[in-house]
Structure formats: structure tokens, C-alpha cells
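Okay, input.cif is below, mmCIF, N, CA and C atoms:
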```
data_coords
loop_
_atom_site.label_atom_id
_atom_site.label_comp_id
_atom_site.auth_asym_id
_atom_site.auth_seq_id
_atom_site.Cartn_x
_atom_site.Cartn_y
_atom_site.Cartn_z
N MET A 1 0.03 2.49 15.65
CA MET A 1 0.16 1.11 15.19
C MET A 1 -1.18 0.55 14.72
N ASN A 2 -2.28 1.08 15.25
CA ASN A 2 -3.59 0.60 14.79
C ASN A 2 -3.81 0.88 13.31
N LEU A 3 -3.19 1.94 12.79
CA LEU A 3 -3.39 2.29 11.39
C LEU A 3 -2.55 1.45 10.43
N ILE A 4 -1.35 1.07 10.83
CA ILE A 4 -0.47 0.35 9.90
C ILE A 4 0.07 -0.95 10.47
N GLY A 5 -0.46 -1.40 11.60
CA GLY A 5 0.13 -2.53 12.30
C GLY A 5 -0.35 -3.90 11.86
N THR A 6 -0.63 -4.11 10.59
CA THR A 6 -0.97 -5.44 10.11
C THR A 6 0.13 -5.93 9.18
N LYS A 7 0.00 -7.14 8.73
CA LYS A 7 1.01 -7.73 7.85
C LYS A 7 1.09 -7.01 6.51
N TRP A 8 -0.05 -6.60 5.95
CA TRP A 8 -0.08 -6.11 4.58
C TRP A 8 -0.05 -4.59 4.43
N LYS A 9 -0.55 -3.86 5.39
CA LYS A 9 -0.67 -2.41 5.24
C LYS A 9 0.66 -1.71 4.97
N PRO A 10 1.73 -2.00 5.72
CA PRO A 10 3.00 -1.34 5.42
C PRO A 10 3.50 -1.63 4.00
N LEU A 11 3.24 -2.83 3.51
CA LEU A 11 3.68 -3.18 2.15
C LEU A 11 2.91 -2.39 1.10
N VAL A 12 1.61 -2.27 1.28
CA VAL A 12 0.80 -1.48 0.34
C VAL A 12 1.29 -0.04 0.34
N LEU A 13 1.45 0.52 1.53
CA LEU A 13 1.90 1.92 1.64
C LEU A 13 3.28 2.10 1.04
N PHE A 14 4.20 1.18 1.31
CA PHE A 14 5.56 1.29 0.77
C PHE A 14 5.56 1.32 -0.75
N HIS A 15 4.77 0.47 -1.37
CA HIS A 15 4.75 0.42 -2.83
C HIS A 15 4.11 1.65 -3.46
N LEU A 16 3.37 2.40 -2.68
CA LEU A 16 2.76 3.63 -3.19
C LEU A 16 3.63 4.87 -2.96
N LEU A 17 4.78 4.71 -2.33
CA LEU A 17 5.66 5.85 -2.08
C LEU A 17 6.13 6.54 -3.36
N GLU A 18 6.30 5.78 -4.41
CA GLU A 18 6.81 6.34 -5.66
C GLU A 18 5.72 6.93 -6.54
N GLY A 19 4.46 6.78 -6.13
CA GLY A 19 3.36 7.35 -6.91
C GLY A 19 2.21 6.37 -7.00
N GLY A 20 1.14 6.82 -7.65
CA GLY A 20 -0.06 6.02 -7.77
C GLY A 20 0.14 4.77 -8.62
N LEU A 21 -0.60 3.73 -8.29
CA LEU A 21 -0.54 2.48 -9.03
C LEU A 21 -1.95 1.95 -9.26
N ARG A 22 -2.12 1.31 -10.40
CA ARG A 22 -3.38 0.64 -10.67
C ARG A 22 -3.53 -0.53 -9.72
N SER A 23 -4.76 -0.86 -9.44
CA SER A 23 -5.07 -1.90 -8.47
C SER A 23 -4.34 -3.21 -8.76
N GLY A 24 -4.43 -3.70 -9.97
CA GLY A 24 -3.80 -4.97 -10.33
C GLY A 24 -2.29 -4.93 -10.21
N VAL A 25 -1.68 -3.82 -10.60
CA VAL A 25 -0.22 -3.67 -10.52
C VAL A 25 0.21 -3.66 -9.05
N LEU A 26 -0.51 -2.92 -8.24
CA LEU A 26 -0.19 -2.85 -6.82
C LEU A 26 -0.29 -4.23 -6.17
N GLN A 27 -1.33 -4.95 -6.49
CA GLN A 27 -1.51 -6.27 -5.90
C GLN A 27 -0.40 -7.22 -6.33
N LYS A 28 0.07 -7.12 -7.56
CA LYS A 28 1.15 -7.99 -8.03
C LYS A 28 2.47 -7.71 -7.33
N HIS A 29 2.65 -6.48 -6.84
CA HIS A 29 3.87 -6.13 -6.11
C HIS A 29 3.93 -6.78 -4.74
N ILE A 30 2.78 -7.26 -4.25
CA ILE A 30 2.71 -7.77 -2.89
C ILE A 30 2.54 -9.29 -2.94
N ASP A 31 3.66 -9.97 -2.83
CA ASP A 31 3.67 -11.44 -2.90
C ASP A 31 2.82 -12.07 -1.81
N GLY A 32 1.95 -12.98 -2.21
CA GLY A 32 1.22 -13.79 -1.25
C GLY A 32 -0.10 -13.22 -0.75
N ILE A 33 -0.47 -12.03 -1.19
CA ILE A 33 -1.72 -11.44 -0.71
C ILE A 33 -2.87 -11.94 -1.57
N SER A 34 -3.94 -12.36 -0.93
CA SER A 34 -5.12 -12.84 -1.67
C SER A 34 -5.95 -11.65 -2.13
N ASN A 35 -6.84 -11.89 -3.09
CA ASN A 35 -7.73 -10.82 -3.56
C ASN A 35 -8.55 -10.26 -2.40
N LYS A 36 -9.08 -11.16 -1.58
CA LYS A 36 -9.91 -10.73 -0.46
C LYS A 36 -9.12 -9.86 0.52
N MET A 37 -7.92 -10.29 0.86
CA MET A 37 -7.11 -9.53 1.81
C MET A 37 -6.64 -8.21 1.21
N PHE A 38 -6.33 -8.21 -0.09
CA PHE A 38 -5.94 -6.96 -0.74
C PHE A 38 -7.08 -5.95 -0.66
N THR A 39 -8.28 -6.40 -1.02
CA THR A 39 -9.45 -5.52 -1.00
C THR A 39 -9.71 -4.99 0.41
N GLN A 40 -9.65 -5.87 1.39
CA GLN A 40 -9.88 -5.47 2.78
C GLN A 40 -8.83 -4.45 3.23
N THR A 41 -7.58 -4.69 2.88
CA THR A 41 -6.48 -3.81 3.29
C THR A 41 -6.62 -2.43 2.69
N VAL A 42 -6.84 -2.35 1.36
CA VAL A 42 -6.94 -1.01 0.75
C VAL A 42 -8.18 -0.27 1.22
N ARG A 43 -9.26 -0.99 1.51
CA ARG A 43 -10.46 -0.33 2.04
C ARG A 43 -10.19 0.28 3.41
N GLU A 44 -9.48 -0.46 4.26
CA GLU A 44 -9.15 0.06 5.59
C GLU A 44 -8.21 1.26 5.50
N LEU A 45 -7.21 1.16 4.62
CA LEU A 45 -6.27 2.28 4.45
C LEU A 45 -6.99 3.52 3.91
N GLU A 46 -7.94 3.31 3.02
CA GLU A 46 -8.72 4.43 2.48
C GLU A 46 -9.61 5.02 3.57
N LYS A 47 -10.26 4.18 4.34
CA LYS A 47 -11.13 4.63 5.43
C LYS A 47 -10.33 5.45 6.45
N ASP A 48 -9.09 5.06 6.70
CA ASP A 48 -8.24 5.75 7.66
C ASP A 48 -7.56 6.99 7.07
N GLY A 49 -7.80 7.27 5.80
CA GLY A 49 -7.27 8.47 5.18
C GLY A 49 -5.81 8.40 4.79
N LEU A 50 -5.27 7.19 4.64
CA LEU A 50 -3.86 7.04 4.27
C LEU A 50 -3.67 6.89 2.77
N ILE A 51 -4.66 6.37 2.07
CA ILE A 51 -4.60 6.27 0.61
C ILE A 51 -5.91 6.79 0.03
N SER A 52 -5.84 7.16 -1.25
CA SER A 52 -7.06 7.55 -1.96
C SER A 52 -7.26 6.60 -3.13
N ARG A 53 -8.49 6.46 -3.50
CA ARG A 53 -8.87 5.53 -4.57
C ARG A 53 -9.59 6.33 -5.65
N LYS A 54 -9.12 6.20 -6.89
CA LYS A 54 -9.76 6.89 -8.00
C LYS A 54 -10.24 5.84 -9.00
N VAL A 55 -11.52 5.90 -9.33
CA VAL A 55 -12.11 4.97 -10.28
C VAL A 55 -12.33 5.74 -11.58
N TYR A 56 -11.76 5.21 -12.67
CA TYR A 56 -11.92 5.83 -13.99
C TYR A 56 -13.12 5.19 -14.70
N PRO A 57 -13.95 6.00 -15.34
CA PRO A 57 -15.16 5.48 -16.00
C PRO A 57 -14.84 4.86 -17.36
N VAL A 58 -14.15 3.72 -17.33
CA VAL A 58 -13.80 3.01 -18.56
C VAL A 58 -14.15 1.54 -18.40
N VAL A 59 -14.19 0.84 -19.53
CA VAL A 59 -14.42 -0.60 -19.52
C VAL A 59 -13.19 -1.25 -20.11
N PRO A 60 -12.55 -2.20 -19.43
CA PRO A 60 -12.85 -2.67 -18.08
C PRO A 60 -12.51 -1.59 -17.05
N PRO A 61 -13.07 -1.69 -15.85
CA PRO A 61 -12.85 -0.67 -14.82
C PRO A 61 -11.36 -0.49 -14.51
N LYS A 62 -10.98 0.74 -14.32
CA LYS A 62 -9.60 1.07 -13.95
C LYS A 62 -9.65 1.78 -12.60
N VAL A 63 -8.93 1.23 -11.62
CA VAL A 63 -8.88 1.80 -10.28
C VAL A 63 -7.41 2.09 -9.97
N GLU A 64 -7.16 3.29 -9.45
CA GLU A 64 -5.80 3.67 -9.09
C GLU A 64 -5.77 4.12 -7.63
N TYR A 65 -4.72 3.68 -6.94
CA TYR A 65 -4.53 4.06 -5.55
C TYR A 65 -3.29 4.94 -5.44
N LYS A 66 -3.36 5.92 -4.54
CA LYS A 66 -2.17 6.72 -4.25
C LYS A 66 -2.23 7.18 -2.80
N LEU A 67 -1.09 7.59 -2.28
CA LEU A 67 -1.01 8.06 -0.91
C LEU A 67 -1.65 9.44 -0.78
N THR A 68 -2.32 9.66 0.33
CA THR A 68 -2.79 10.99 0.67
C THR A 68 -1.64 11.71 1.38
N LYS A 69 -1.86 12.96 1.74
CA LYS A 69 -0.83 13.68 2.51
C LYS A 69 -0.56 12.97 3.83
N ARG A 70 -1.61 12.45 4.44
CA ARG A 70 -1.44 11.72 5.70
C ARG A 70 -0.60 10.46 5.47
N GLY A 71 -0.85 9.77 4.37
CA GLY A 71 -0.07 8.58 4.04
C GLY A 71 1.38 8.93 3.72
N GLN A 72 1.58 10.05 3.03
CA GLN A 72 2.94 10.48 2.69
C GLN A 72 3.75 10.81 3.94
N SER A 73 3.06 11.21 5.00
CA SER A 73 3.78 11.55 6.23
C SER A 73 4.44 10.33 6.87
N LEU A 74 4.08 9.13 6.42
CA LEU A 74 4.68 7.89 6.93
C LEU A 74 5.94 7.48 6.17
N GLU A 75 6.34 8.27 5.18
CA GLU A 75 7.47 7.87 4.33
C GLU A 75 8.73 7.56 5.13
N GLY A 76 9.11 8.39 6.06
CA GLY A 76 10.32 8.16 6.85
C GLY A 76 10.26 6.85 7.61
N ILE A 77 9.13 6.57 8.20
CA ILE A 77 8.95 5.32 8.95
C ILE A 77 9.05 4.12 8.03
N LEU A 78 8.37 4.18 6.88
CA LEU A 78 8.36 3.05 5.94
C LEU A 78 9.75 2.81 5.36
N ARG A 79 10.45 3.88 5.02
CA ARG A 79 11.81 3.71 4.47
C ARG A 79 12.76 3.17 5.53
N SER A 80 12.59 3.59 6.77
CA SER A 80 13.43 3.06 7.86
C SER A 80 13.17 1.57 8.06
N LEU A 81 11.91 1.15 8.02
CA LEU A 81 11.59 -0.27 8.14
C LEU A 81 12.21 -1.07 6.99
N ASP A 82 12.16 -0.52 5.78
CA ASP A 82 12.75 -1.19 4.63
C ASP A 82 14.26 -1.33 4.81
N LYS A 83 14.90 -0.26 5.23
CA LYS A 83 16.36 -0.28 5.44
C LYS A 83 16.73 -1.33 6.50
N TRP A 84 15.98 -1.33 7.60
CA TRP A 84 16.25 -2.30 8.66
C TRP A 84 16.09 -3.72 8.13
N GLY A 85 15.03 -3.96 7.36
CA GLY A 85 14.80 -5.31 6.82
C GLY A 85 15.92 -5.76 5.90
N LEU A 86 16.39 -4.85 5.05
CA LEU A 86 17.50 -5.21 4.14
C LEU A 86 18.77 -5.52 4.92
N GLU A 87 19.05 -4.72 5.94
CA GLU A 87 20.24 -4.95 6.76
C GLU A 87 20.13 -6.25 7.56
N ASP A 88 18.94 -6.54 8.04
CA ASP A 88 18.72 -7.75 8.83
C ASP A 88 18.91 -9.00 7.97
N VAL A 89 18.48 -8.95 6.73
CA VAL A 89 18.63 -10.09 5.83
C VAL A 89 20.11 -10.37 5.57
N GLU A 90 20.91 -9.32 5.48
CA GLU A 90 22.34 -9.47 5.22
C GLU A 90 23.06 -10.14 6.39
N GLN A 91 22.52 -9.98 7.59
CA GLN A 91 23.20 -10.57 8.76
C GLN A 91 22.78 -11.97 8.86
#
```

Mind turning the file's structure into C-alpha cells?
Amino acid sequence: MNLIGTKWKPLVLFHLLEGGLRSGVLQKHIDGISNKMFTQTVRELEKDGLISRKVYPVVPPKVEYKLTKRGQSLEGILRSLDKWGLEDVEQ
């Protein structure tokens, strides 16, 4: 729980299940997250080895995030949480 037990980390990880996303696109998928909190969250996830960050040498800078093998191992948990949330909303 220390690795993914915050408000934003599971959402970032869930949106990366389908593949890598550019920083701005990923942040837009997460309603209500501030720039500061987004940056802090992805840095922590990268430090913990759950996501990787690739910086492309272009102007303007292009940054892409994707799940590592360790992050991919959380897929079952993340999908189960999503399923539970959808079912809970219906009730």
C-alpha cells in the first residue's frame, strides 16, 4: 500500500495500462490533479520502479511515461479496483 496507496497513484497507473502516454495527455486523463501533484506523483512512481520516464530531445520537450514490468504486475489489482468502482456507482 505504501507504493500505490495515495489518491492519485492508482489513477496514473490505471491510465498507463494501455500503453505509454505523453505527460500532458496523461495529466488530462486525471481530473482535478494539479501540475505540482502530478509531477510529485510520477516522480514517486518512477523512484519506486513502477513507471519509466523517457525524455525525447525535441523542442518543445516531449516526455512519455509507461509502466515498467513491476508496474504491469499491478494490472489485476487496478482492473479489479476499476470494476468494483463501476459496480459501486451503479448501486

From the list A:Gly24, A:Thr68, A:Lys83, A:His29, which residue is nearest A:Asp48 when using only C-alpha atoms? A:Thr68

In Å, how far is it from atom C of A:Lys7 to atom CA of A:Lys62?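 Interatomic distance here is 24.5 Å.
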
Please evaluate the PyMOL selection byres (((chain A and resi 16 and name CA) around 9) and name CA) against the displayed coordinates and give the resulting residues as a list in words.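 Listing what the PyMOL selection byres (((chain A and resi 16 and name CA) around 9) and name CA) selects in the shown file: Leu11, Val12, Leu13, Phe14, His15, Leu17, Glu18, Gly19, Gly20, Leu21, Leu26, Ile51, Tyr65, Lys66 and Leu67 of chain A.
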
Select all residues near (-3.8, 8.6, 10.6) (cut-off 9 Å, inclusive, file coordinates), counting only C-alpha atoms, and output them as a list in words.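 The requested residues, written out, are Leu3, Ile4, Asp48, Gly49, Leu50, Arg70 and Gly71 of chain A.
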
Any chance you could work out the axis-aligned box around stretch 61-73 of chain A, listed atoms only, 4 Å on each side, giving centre and edge lengths in Å to one decimal, as JSON?
```
{"center_x": -4.3, "center_y": 6.0, "center_z": -4.5, "size_x": 25.5, "size_y": 23.4, "size_z": 30.7}
```

Can you tell me, as a list of chain:residue names, which residues in stretch 13-72 of chain A count as alpha helix (DSSP H) by DSSP? A:Leu13, A:Phe14, A:His15, A:Ser23, A:Gly24, A:Val25, A:Leu26, A:Gln27, A:Lys28, A:His29, A:Asn35, A:Lys36, A:Met37, A:Phe38, A:Thr39, A:Gln40, A:Thr41, A:Val42, A:Arg43, A:Glu44, A:Leu45, A:Glu46, A:Lys47, A:Lys69, A:Arg70, A:Gly71, A:Gln72

Could you write out the selected residues, including N, CA and C atoms, as a short mmCIF file (atom, residue, chain, number, x, y, z; two decimals), in the frame of the given file?
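Writing the result to again.cif gives the following:
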```cif
data_model
loop_
_atom_site.label_atom_id
_atom_site.label_comp_id
_atom_site.auth_asym_id
_atom_site.auth_seq_id
_atom_site.Cartn_x
_atom_site.Cartn_y
_atom_site.Cartn_z
N LEU A 13 1.45 0.52 1.53
CA LEU A 13 1.90 1.92 1.64
C LEU A 13 3.28 2.10 1.04
N PHE A 14 4.20 1.18 1.31
CA PHE A 14 5.56 1.29 0.77
C PHE A 14 5.56 1.32 -0.75
N HIS A 15 4.77 0.47 -1.37
CA HIS A 15 4.75 0.42 -2.83
C HIS A 15 4.11 1.65 -3.46
N SER A 23 -4.76 -0.86 -9.44
CA SER A 23 -5.07 -1.90 -8.47
C SER A 23 -4.34 -3.21 -8.76
N GLY A 24 -4.43 -3.70 -9.97
CA GLY A 24 -3.80 -4.97 -10.33
C GLY A 24 -2.29 -4.93 -10.21
N VAL A 25 -1.68 -3.82 -10.60
CA VAL A 25 -0.22 -3.67 -10.52
C VAL A 25 0.21 -3.66 -9.05
N LEU A 26 -0.51 -2.92 -8.24
CA LEU A 26 -0.19 -2.85 -6.82
C LEU A 26 -0.29 -4.23 -6.17
N GLN A 27 -1.33 -4.95 -6.49
CA GLN A 27 -1.51 -6.27 -5.90
C GLN A 27 -0.40 -7.22 -6.33
N LYS A 28 0.07 -7.12 -7.56
CA LYS A 28 1.15 -7.99 -8.03
C LYS A 28 2.47 -7.71 -7.33
N HIS A 29 2.65 -6.48 -6.84
CA HIS A 29 3.87 -6.13 -6.11
C HIS A 29 3.93 -6.78 -4.74
N ASN A 35 -6.84 -11.89 -3.09
CA ASN A 35 -7.73 -10.82 -3.56
C ASN A 35 -8.55 -10.26 -2.40
N LYS A 36 -9.08 -11.16 -1.58
CA LYS A 36 -9.91 -10.73 -0.46
C LYS A 36 -9.12 -9.86 0.52
N MET A 37 -7.92 -10.29 0.86
CA MET A 37 -7.11 -9.53 1.81
C MET A 37 -6.64 -8.21 1.21
N PHE A 38 -6.33 -8.21 -0.09
CA PHE A 38 -5.94 -6.96 -0.74
C PHE A 38 -7.08 -5.95 -0.66
N THR A 39 -8.28 -6.40 -1.02
CA THR A 39 -9.45 -5.52 -1.00
C THR A 39 -9.71 -4.99 0.41
N GLN A 40 -9.65 -5.87 1.39
CA GLN A 40 -9.88 -5.47 2.78
C GLN A 40 -8.83 -4.45 3.23
N THR A 41 -7.58 -4.69 2.88
CA THR A 41 -6.48 -3.81 3.29
C THR A 41 -6.62 -2.43 2.69
N VAL A 42 -6.84 -2.35 1.36
CA VAL A 42 -6.94 -1.01 0.75
C VAL A 42 -8.18 -0.27 1.22
N ARG A 43 -9.26 -0.99 1.51
CA ARG A 43 -10.46 -0.33 2.04
C ARG A 43 -10.19 0.28 3.41
N GLU A 44 -9.48 -0.46 4.26
CA GLU A 44 -9.15 0.06 5.59
C GLU A 44 -8.21 1.26 5.50
N LEU A 45 -7.21 1.16 4.62
CA LEU A 45 -6.27 2.28 4.45
C LEU A 45 -6.99 3.52 3.91
N GLU A 46 -7.94 3.31 3.02
CA GLU A 46 -8.72 4.43 2.48
C GLU A 46 -9.61 5.02 3.57
N LYS A 47 -10.26 4.18 4.34
CA LYS A 47 -11.13 4.63 5.43
C LYS A 47 -10.33 5.45 6.45
N LYS A 69 -1.86 12.96 1.74
CA LYS A 69 -0.83 13.68 2.51
C LYS A 69 -0.56 12.97 3.83
N ARG A 70 -1.61 12.45 4.44
CA ARG A 70 -1.44 11.72 5.70
C ARG A 70 -0.60 10.46 5.47
N GLY A 71 -0.85 9.77 4.37
CA GLY A 71 -0.07 8.58 4.04
C GLY A 71 1.38 8.93 3.72
N GLN A 72 1.58 10.05 3.03
CA GLN A 72 2.94 10.48 2.69
C GLN A 72 3.75 10.81 3.94
#
```

Shell around A:Glu64 at 6 Å using only C-alpha atoms, local window under 3 positions removed, as a short mmCIF file (atom, residue, chain, number, x, y, z; two decimals) with N, CA and C atoms, in the frame of the given file:
```cif
data_model
loop_
_atom_site.label_atom_id
_atom_site.label_comp_id
_atom_site.auth_asym_id
_atom_site.auth_seq_id
_atom_site.Cartn_x
_atom_site.Cartn_y
_atom_site.Cartn_z
N LEU A 21 -0.60 3.73 -8.29
CA LEU A 21 -0.54 2.48 -9.03
C LEU A 21 -1.95 1.95 -9.26
N ARG A 22 -2.12 1.31 -10.40
CA ARG A 22 -3.38 0.64 -10.67
C ARG A 22 -3.53 -0.53 -9.72
N SER A 23 -4.76 -0.86 -9.44
CA SER A 23 -5.07 -1.90 -8.47
C SER A 23 -4.34 -3.21 -8.76
N ARG A 53 -8.49 6.46 -3.50
CA ARG A 53 -8.87 5.53 -4.57
C ARG A 53 -9.59 6.33 -5.65
N LYS A 54 -9.12 6.20 -6.89
CA LYS A 54 -9.76 6.89 -8.00
C LYS A 54 -10.24 5.84 -9.00
#
```

Looking only at strand (DSSP E) from DSSP on the backbone, list the matching residues of chain A as a list in words.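 Listing strand (DSSP E) positions across chain A yields Leu21, Arg22, Ile51, Ser52, Arg53, Lys54, Val55, Tyr56, Lys62, Val63, Glu64, Tyr65, Lys66 and Leu67 of chain A.
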
I need the residue nearest A:Met37 from this list: A:Thr6, A:Val58, A:Val89, A:Val25. Use only C-alpha atoms for the distance.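 Residue with the minimum atom-to-atom distance to A:Met37: A:Thr6.
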
Mind pulling up the distance from atom CA of A:Thr41 to atom CA of A:Tyr56? 20.5 Å

d(atom CA of A:Glu44, atom CA of A:Pro61) in Å: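 Between atom CA of A:Glu44 and atom CA of A:Pro61 the gap is 20.8 Å.
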